[in-house]
>>> print(open('target-v7.pdb').read())   # PDB, C-alpha atoms
ATOM      1  CA  MET A 111      29.263 -38.322 -19.763
ATOM      2  CA  GLY A 112      30.043 -38.713 -16.034
ATOM      3  CA  LEU A 113      31.593 -42.153 -15.660
ATOM      4  CA  PHE A 114      33.517 -42.102 -18.949
ATOM      5  CA  ARG A 115      35.013 -38.677 -18.209
ATOM      6  CA  THR A 116      36.096 -39.872 -14.779
ATOM      7  CA  LEU A 117      37.646 -43.079 -16.152
ATOM      8  CA  LEU A 118      39.402 -41.308 -19.011
ATOM      9  CA  LEU A 119      40.371 -38.004 -17.398
ATOM     10  CA  GLY A 120      40.312 -38.678 -13.643
ATOM     11  CA  ASP A 121      40.004 -35.540 -11.523
ATOM     12  CA  LEU A 122      39.774 -33.341 -14.607
ATOM     13  CA  GLY A 123      36.754 -35.386 -15.768
ATOM     14  CA  ASN A 124      35.122 -34.945 -12.357
ATOM     15  CA  TYR A 125      35.790 -31.225 -12.519
ATOM     16  CA  LEU A 126      34.235 -30.955 -15.993
ATOM     17  CA  ASP A 127      31.169 -32.938 -14.827
ATOM     18  CA  ASN A 128      30.785 -30.640 -11.831
ATOM     19  CA  GLU A 129      31.001 -27.561 -14.055
ATOM     20  CA  ASP A 130      28.366 -28.996 -16.411
ATOM     21  CA  ASN A 131      26.088 -29.715 -13.459
ATOM     22  CA  LYS A 132      26.644 -26.212 -12.074
ATOM     23  CA  ARG A 133      25.750 -24.601 -15.438
ATOM     24  CA  GLN A 134      22.643 -26.773 -15.750
ATOM     25  CA  THR A 135      21.570 -25.890 -12.196
ATOM     26  CA  GLU A 136      22.070 -22.176 -12.885
ATOM     27  CA  LYS A 137      19.941 -22.416 -16.037
ATOM     28  CA  VAL A 138      17.119 -24.078 -14.121
ATOM     29  CA  GLN A 139      17.373 -21.527 -11.289
ATOM     30  CA  ASN A 140      17.236 -18.633 -13.765
ATOM     31  CA  ARG A 141      14.169 -20.113 -15.455
ATOM     32  CA  LEU A 142      12.456 -20.543 -12.078
ATOM     33  CA  ARG A 143      13.353 -16.969 -11.032
ATOM     34  CA  LYS A 144      11.831 -15.572 -14.228
ATOM     35  CA  LYS A 145       8.679 -17.647 -13.772
ATOM     36  CA  ASP A 146       8.400 -16.675 -10.098
ATOM     37  CA  GLY A 147       8.811 -12.995 -10.988
ATOM     38  CA  LYS A 148       6.087 -13.227 -13.593
ATOM     39  CA  ASP A 149       3.755 -15.016 -11.150
ATOM     40  CA  ARG A 150       4.436 -12.394  -8.490
ATOM     41  CA  GLN A 151       3.702  -9.578 -10.949
ATOM     42  CA  GLN A 152       0.442 -11.218 -12.015
ATOM     43  CA  ASP A 153      -0.570 -11.686  -8.367
ATOM     44  CA  GLU A 154       0.070  -7.993  -7.700
ATOM     45  CA  GLU A 155      -1.977  -6.992 -10.759
ATOM     46  CA  ILE A 156      -4.860  -9.224  -9.652
ATOM     47  CA  GLU A 157      -4.766  -7.720  -6.139
ATOM     48  CA  GLU A 158      -4.882  -4.219  -7.652
ATOM     49  CA  LEU A 159      -7.868  -5.176  -9.828
ATOM     50  CA  VAL A 160      -9.680  -6.618  -6.804
ATOM     51  CA  ARG A 161      -9.087  -3.369  -4.861
ATOM     52  CA  GLU A 162     -10.336  -1.294  -7.810
ATOM     53  CA  ASN A 163     -13.392  -3.537  -8.150
ATOM     54  CA  ILE A 164     -14.280  -3.098  -4.466
ATOM     55  CA  GLU A 165     -13.794   0.656  -4.728
ATOM     56  CA  LEU A 166     -16.049   0.804  -7.802
ATOM     57  CA  LYS A 167     -18.761  -1.199  -6.027
ATOM     58  CA  TYR A 168     -18.701   1.242  -3.102
ATOM     59  CA  THR A 169     -18.789   4.194  -5.495
ATOM     60  CA  VAL A 170     -21.754   2.818  -7.443
ATOM     61  CA  SER A 171     -23.553   2.007  -4.212
ATOM     62  CA  ALA A 172     -23.021   5.543  -2.907
ATOM     63  CA  LEU A 173     -24.140   7.031  -6.224
ATOM     64  CA  ILE A 174     -27.327   4.958  -6.260
ATOM     65  CA  ARG A 175     -28.080   5.953  -2.657
ATOM     66  CA  LEU A 176     -27.510   9.615  -3.509
ATOM     67  CA  LEU A 177     -29.757   9.428  -6.582
ATOM     68  CA  HIS A 178     -32.484   7.809  -4.515
ATOM     69  CA  GLU A 179     -32.166  10.371  -1.699
ATOM     70  CA  LYS A 180     -32.485  13.198  -4.227
ATOM     71  CA  GLU A 181     -35.535  11.408  -5.648
ATOM     72  CA  ILE A 182     -33.919  11.104  -9.059
ATOM     73  CA  LEU A 183     -34.206   7.328  -8.799
ATOM     74  CA  SER A 184     -37.642   5.937  -7.989
ATOM     75  CA  GLU A 185     -38.301   3.005  -5.680
ATOM     76  CA  SER A 186     -39.100   0.729  -8.632
ATOM     77  CA  GLU A 187     -35.885   1.720 -10.423
ATOM     78  CA  LEU A 188     -33.963   1.013  -7.245
ATOM     79  CA  VAL A 189     -35.479  -2.478  -7.158
ATOM     80  CA  LYS A 190     -34.560  -2.992 -10.827
ATOM     81  CA  LEU A 191     -30.949  -1.988 -10.108
ATOM     82  CA  SER A 192     -30.854  -4.399  -7.204
ATOM     83  CA  ASN A 193     -32.169  -7.199  -9.424
ATOM     84  CA  ILE A 194     -29.588  -6.370 -12.096
ATOM     85  CA  GLU A 195     -26.792  -6.502  -9.534
ATOM     86  CA  GLN A 196     -27.984  -9.905  -8.293
ATOM     87  CA  ASP A 197     -28.314 -11.178 -11.862
ATOM     88  CA  ILE A 198     -24.794 -10.050 -12.718
ATOM     89  CA  GLU A 199     -23.369 -11.657  -9.555
ATOM     90  CA  LEU A 200     -25.235 -14.875 -10.277
ATOM     91  CA  HIS A 201     -24.179 -15.160 -13.926
ATOM     92  CA  SER A 202     -20.799 -13.417 -13.927
ATOM     93  CA  LYS A 203     -18.940 -16.728 -14.316
ATOM     94  CA  ASP A 204     -21.000 -17.767 -17.356
ATOM     95  CA  HIS A 205     -18.911 -17.411 -20.504
ATOM     96  CA  ASP A 206     -21.841 -16.370 -22.678
ATOM     97  CA  PHE A 207     -23.283 -13.884 -20.160
ATOM     98  CA  ASN A 208     -23.431 -10.288 -21.352
ATOM     99  CA  PRO A 209     -24.191  -7.742 -18.598
ATOM    100  CA  ASN A 210     -25.145  -5.163 -21.237
ATOM    101  CA  ASP A 211     -28.154  -7.307 -22.159
ATOM    102  CA  THR A 212     -29.246  -7.268 -18.528
ATOM    103  CA  TRP A 213     -28.981  -3.476 -18.337
ATOM    104  CA  SER A 214     -30.788  -2.776 -21.587
ATOM    105  CA  ASN A 215     -33.618  -5.222 -20.843
ATOM    106  CA  ALA A 216     -34.139  -3.972 -17.289
ATOM    107  CA  PHE A 217     -35.192  -0.464 -18.233
ATOM    108  CA  LYS A 218     -37.365  -1.202 -21.249
ATOM    109  CA  SER A 219     -40.868   0.055 -20.695
TER     110      SER A 219
END
>>> encode(input="target-v7.pdb", output="structure tokens")
Amino acid sequence: MGLFRTLLLGDLGNYLDNEDNKRQTEKVQNRLRKKDGKDRQQDEEIEELVRENIELKYTVSALIRLLHEKEILSESELVKLSNIEQDIELHSKDHDFNPNDTWSNAFKS
């Protein structure tokens, strides 16, 4: 409305335009704050998942080493596990990749 309000209502028209602009700006700022909060929360969740993933990798690695040291896991099984890990790393971004297939096929006799 801007120009017409100013011509018809003078200072009051300018005041009303300013109030409209202020309300519109506040709406946009609120929307951006909500979006930023959601992005921040998702970033924190991703960081937590990355930390958990690293911790799980260390745990599995330690478990495999322990099983091998106690001679529960043979040398050939250790090699198979290593190959599975490499296969999973290599294909983890493939949408149709199923790590369960890799595990079940690796230990078939």
>>> axis_aligned_box(input="target-v7.pdb", around="segment 173-183 of chain A", padding_each_side="3 Å", output="JSON")
{"center_x": -29.8, "center_y": 9.1, "center_z": -5.4, "size_x": 17.4, "size_y": 14.2, "size_z": 13.4}
>>> atom_distance(input="target-v7.pdb", atom1="atom CA of Arg175 of chain A", atom2="atom CA of Leu188 of chain A")
8.9 Å
>>> atom_distance(input="target-v7.pdb", atom1="atom CA of Ile164 of chain A", atom2="atom CA of Gly147 of chain A")
26.0 Å
